[in-house]
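Engineer: Sharing a structure here in structure tokens format.
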Amino acid sequence: MAATAAAAIAAMRAAYERGDLDEAARRGALAGPAVVERALASSDRVTQLAAIAAAAIVEDRAELLGPLARVAGGADRRTAQAAGAAARAIAGELARSGRPDDLAPGDLAAWQAAWAELALRPDRWIEVRVAALDTAAALDPGGTGVELGAALRDPDPAFRRAAVTAVRLPVPPTAVPALAGAIAHDADAAAALDAAQSLCLSLEASASPRPILDALGPSGLARLRALVTGPPAGATTAVLRDAARCLAADRSPESAAALRALASRPARRK
């Protein structure tokens, strides 16, 4: 058995080294998830990359989410990014198709926790962190994948923006305070506007706007008016109109003035 696995890994590696990624993946898929997992644990970069290519198509690939997290947490940027991309695809597939009967909830919870921990590590490359965030969110139906308050306190605005967009709509009630806090206090206007878009779009699914408006409070609404009337560079009209739903629900004279100012702006689609 060990000799067979070693031969399969060698064939995967050889295919990858000559640039035939499809063949490397096919070889791994034929060998099975146990062999792919063994290759992921290799200290050889090319072997790991061949295994990552195979992870996307091998049978029972969800079981590789744990080993992929270990690779993504490693010191090699190329393999870490590739492992993150593979895990994101596998987790997304699980989210769309539902959990197979042979996957234990405890395993899914452990994989979700591993990827959430990786997402919140500030020493990781941003591409890896965002892939980890997306993976954790896909494994957390109805949740946010990571502790949203911690994610929105992260020093990297790109990660904060990714954390906001990873929240499912309508946002769960537990996420409302964190998003409202980001609108009021995030130093990055683009991140604050992204939070506003997610939160205010969720008004459509709310029986009453009061919980969201109360969470925003005077400071949140004031910041939202400022964002709508003086948006950050690159903000589209669609995003501004989504964020402005909270101002329409507020019905105050100040919010009405901001809505009029928004209506007078020339449309920007990109």
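Every chain in the structure tokens has a letter given in the order shown (A, B, ...), and although residue numbers restart at 1 in each chain, ligands are simply numbered from 1 in the order shown.
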A:Leu213: which residues within 12 Å, counting only C-alpha atoms, same-chain residues fewer than 5 positions away excluded, as a PyMOL selection string?

Structural biologist: chain A and resi 176-177+179-181+183+196+199-200+202-203+206+208+218-222+224+245-252

Engineer: So the first atom is atom CA of A:Asp123 and the second is atom CA of A:Ala110; what is the distance between them in Å, to one decimal place?

Structural biologist: 21.5 Å

Engineer: Just checking: using only C-alpha atoms, which residue out of A:Pro172, A:Ala7, A:Leu118, A:Ala50 ends up closest to A:Asp22?

Structural biologist: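 Between A:Pro172, A:Ala7, A:Leu118, A:Ala50, the residue approaching A:Asp22 most closely is A:Ala50.
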
Engineer: Just the helix (DSSP H, G or I) stuff from stretch 29-235 of chain A, please, per backbone DSSP, written as a ChimeraX atom specification.

Structural biologist: /A:29-31,33-40,45-55,61-72,77-97,105-119,126-138,148-151,157-166,173-185,189-205,210-229

Engineer: Limited to C-alpha atoms, could you put the picked residues into a file as a compact mmCIF listing (two decimals), in the first residue's frame?

Structural biologist:
# COMPACT_ATOMS: atom_id res chain seq x y z
CA ALA A 29 -8.20 11.89 -8.01
CA LEU A 30 -7.56 8.31 -9.11
CA ALA A 31 -5.34 7.68 -6.09
CA PRO A 33 -8.20 11.42 -0.79
CA ALA A 34 -5.88 9.51 1.57
CA VAL A 35 -3.04 9.70 -0.94
CA VAL A 36 -3.78 13.37 -1.67
CA GLU A 37 -3.73 14.09 2.06
CA ARG A 38 -0.37 12.37 2.35
CA ALA A 39 0.97 14.49 -0.51
CA LEU A 40 -0.34 17.65 1.15
CA ARG A 45 6.60 22.29 -2.68
CA VAL A 46 5.86 20.72 -6.08
CA THR A 47 4.31 17.68 -4.42
CA GLN A 48 2.11 19.93 -2.31
CA LEU A 49 1.03 21.95 -5.33
CA ALA A 50 0.16 18.77 -7.23
CA ALA A 51 -1.90 17.60 -4.25
CA ILE A 52 -3.70 20.94 -4.06
CA ALA A 53 -4.63 20.64 -7.73
CA ALA A 54 -6.01 17.16 -7.04
CA ALA A 55 -7.87 18.29 -3.92
CA ARG A 61 -12.64 16.22 -0.97
CA ALA A 62 -14.36 17.91 1.98
CA GLU A 63 -12.20 15.72 4.21
CA LEU A 64 -9.17 17.64 2.92
CA LEU A 65 -10.33 20.95 4.43
CA GLY A 66 -8.30 20.29 7.57
CA PRO A 67 -5.06 19.35 5.77
CA LEU A 68 -5.51 22.29 3.39
CA ALA A 69 -5.78 24.64 6.38
CA ARG A 70 -2.43 23.40 7.62
CA VAL A 71 -0.85 24.09 4.22
CA ALA A 72 -2.46 27.53 4.06
CA ARG A 77 3.13 31.95 -0.01
CA ARG A 78 2.46 30.10 -3.25
CA THR A 79 1.26 26.90 -1.61
CA ALA A 80 -0.67 28.86 1.03
CA GLN A 81 -2.57 30.82 -1.62
CA ALA A 82 -3.27 27.70 -3.68
CA ALA A 83 -4.51 25.82 -0.60
CA GLY A 84 -6.78 28.72 0.33
CA ALA A 85 -8.27 28.85 -3.16
CA ALA A 86 -8.89 25.09 -3.16
CA ALA A 87 -10.53 25.20 0.26
CA ARG A 88 -12.76 28.10 -0.78
CA ALA A 89 -13.98 26.08 -3.78
CA ILE A 90 -14.61 22.95 -1.71
CA ALA A 91 -16.45 24.84 1.04
CA GLY A 92 -18.52 26.74 -1.53
CA GLU A 93 -19.54 23.47 -3.12
CA LEU A 94 -20.61 22.16 0.30
CA ALA A 95 -22.64 25.31 0.94
CA ARG A 96 -24.47 24.94 -2.37
CA SER A 97 -25.11 21.21 -2.27
CA PRO A 105 -21.14 17.98 12.25
CA GLY A 106 -18.16 17.92 14.59
CA ASP A 107 -15.77 17.63 11.66
CA LEU A 108 -17.39 20.55 9.88
CA ALA A 109 -17.20 22.63 13.05
CA ALA A 110 -13.52 21.81 13.46
CA TRP A 111 -12.72 22.75 9.86
CA GLN A 112 -14.71 25.97 10.16
CA ALA A 113 -12.85 26.89 13.35
CA ALA A 114 -9.47 26.18 11.72
CA TRP A 115 -10.20 28.42 8.77
CA ALA A 116 -11.71 31.14 10.99
CA GLU A 117 -8.56 31.15 13.11
CA LEU A 118 -6.44 31.43 9.98
CA ALA A 119 -8.56 34.31 8.66
CA ILE A 126 -4.28 39.11 2.64
CA GLU A 127 -5.15 36.73 -0.23
CA VAL A 128 -4.87 33.77 2.15
CA ARG A 129 -6.85 35.55 4.86
CA VAL A 130 -9.71 36.41 2.51
CA ALA A 131 -9.83 32.85 1.15
CA ALA A 132 -9.86 31.58 4.73
CA LEU A 133 -12.66 34.00 5.59
CA ASP A 134 -14.75 32.86 2.63
CA THR A 135 -14.12 29.22 3.53
CA ALA A 136 -15.14 29.72 7.16
CA ALA A 137 -18.26 31.61 6.11
CA ALA A 138 -19.29 28.87 3.68
CA LEU A 148 -17.45 39.60 13.22
CA GLY A 149 -16.52 42.10 15.92
CA ALA A 150 -12.93 40.85 15.89
CA ALA A 151 -12.82 40.90 12.09
CA PRO A 157 -9.10 47.73 5.79
CA ALA A 158 -9.06 45.23 2.91
CA PHE A 159 -9.78 42.44 5.36
CA ARG A 160 -12.50 44.46 7.08
CA ARG A 161 -14.19 45.02 3.72
CA ALA A 162 -13.95 41.32 2.94
CA ALA A 163 -15.46 40.46 6.33
CA VAL A 164 -18.45 42.68 5.66
CA THR A 165 -19.13 41.22 2.24
CA ALA A 166 -18.84 37.67 3.61
CA PRO A 173 -29.38 39.81 14.22
CA THR A 174 -26.14 38.98 16.01
CA ALA A 175 -24.18 40.79 13.28
CA VAL A 176 -26.19 44.03 13.43
CA PRO A 177 -24.27 45.73 16.29
CA ALA A 178 -20.86 45.04 14.72
CA LEU A 179 -21.93 46.36 11.31
CA ALA A 180 -23.54 49.43 12.86
CA GLY A 181 -20.33 50.06 14.78
CA ALA A 182 -18.31 49.82 11.57
CA ILE A 183 -20.57 52.37 9.88
CA ALA A 184 -20.12 54.81 12.73
CA HIS A 185 -16.45 54.32 13.51
CA ALA A 189 -14.86 55.14 4.35
CA ALA A 190 -15.08 52.31 1.83
CA ALA A 191 -15.29 49.71 4.61
CA ALA A 192 -17.93 51.76 6.40
CA LEU A 193 -19.94 52.07 3.19
CA ASP A 194 -19.74 48.32 2.55
CA ALA A 195 -21.07 47.73 6.06
CA ALA A 196 -23.89 50.17 5.37
CA GLN A 197 -24.84 48.43 2.15
CA SER A 198 -25.11 45.04 3.88
CA LEU A 199 -26.96 46.34 6.90
CA CYS A 200 -29.39 48.60 5.07
CA LEU A 201 -30.22 46.02 2.40
CA SER A 202 -31.35 43.81 5.26
CA LEU A 203 -34.17 46.25 6.05
CA GLU A 204 -36.20 44.51 3.32
CA ALA A 205 -36.36 41.35 5.42
CA ARG A 210 -36.22 49.99 14.50
CA PRO A 211 -33.61 47.38 15.51
CA ILE A 212 -31.26 48.49 12.73
CA LEU A 213 -31.91 52.21 13.23
CA ASP A 214 -31.48 51.87 16.99
CA ALA A 215 -28.19 50.04 16.47
CA LEU A 216 -26.97 52.83 14.19
CA GLY A 217 -27.99 55.54 16.64
CA PRO A 218 -27.33 59.25 16.00
CA SER A 219 -23.61 58.77 15.31
CA GLY A 220 -24.18 55.95 12.83
CA LEU A 221 -26.87 57.84 10.96
CA ALA A 222 -24.72 60.97 10.85
CA ARG A 223 -21.80 58.99 9.40
CA LEU A 224 -24.13 57.36 6.90
CA ARG A 225 -25.38 60.74 5.71
CA ALA A 226 -21.77 61.85 5.27
CA LEU A 227 -20.93 58.70 3.31
CA VAL A 228 -23.91 59.12 1.01
CA THR A 229 -23.33 62.82 0.31

Engineer: At what distance in Å, to one decimal, does atom CA of A:Ala11 lie from atom CA of A:Ala24?

Structural biologist: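 Atom CA of A:Ala11 lies at a distance of 7.3 Å from atom CA of A:Ala24.
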
Engineer: Atom CA of A:Ala25 to atom CA of A:Asp44: how many Å, to one decimal?

Structural biologist: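 Atom CA of A:Ala25 sits 16.6 Å away from atom CA of A:Asp44.
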
Engineer: For A:Pro141, which of A:Arg168, A:Arg27, A:Arg18, A:Arg121 is the closest residue, counting only C-alpha atoms?

Structural biologist: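 Ranking A:Arg168, A:Arg27, A:Arg18, A:Arg121 by distance to A:Pro141, first place goes to A:Arg168.
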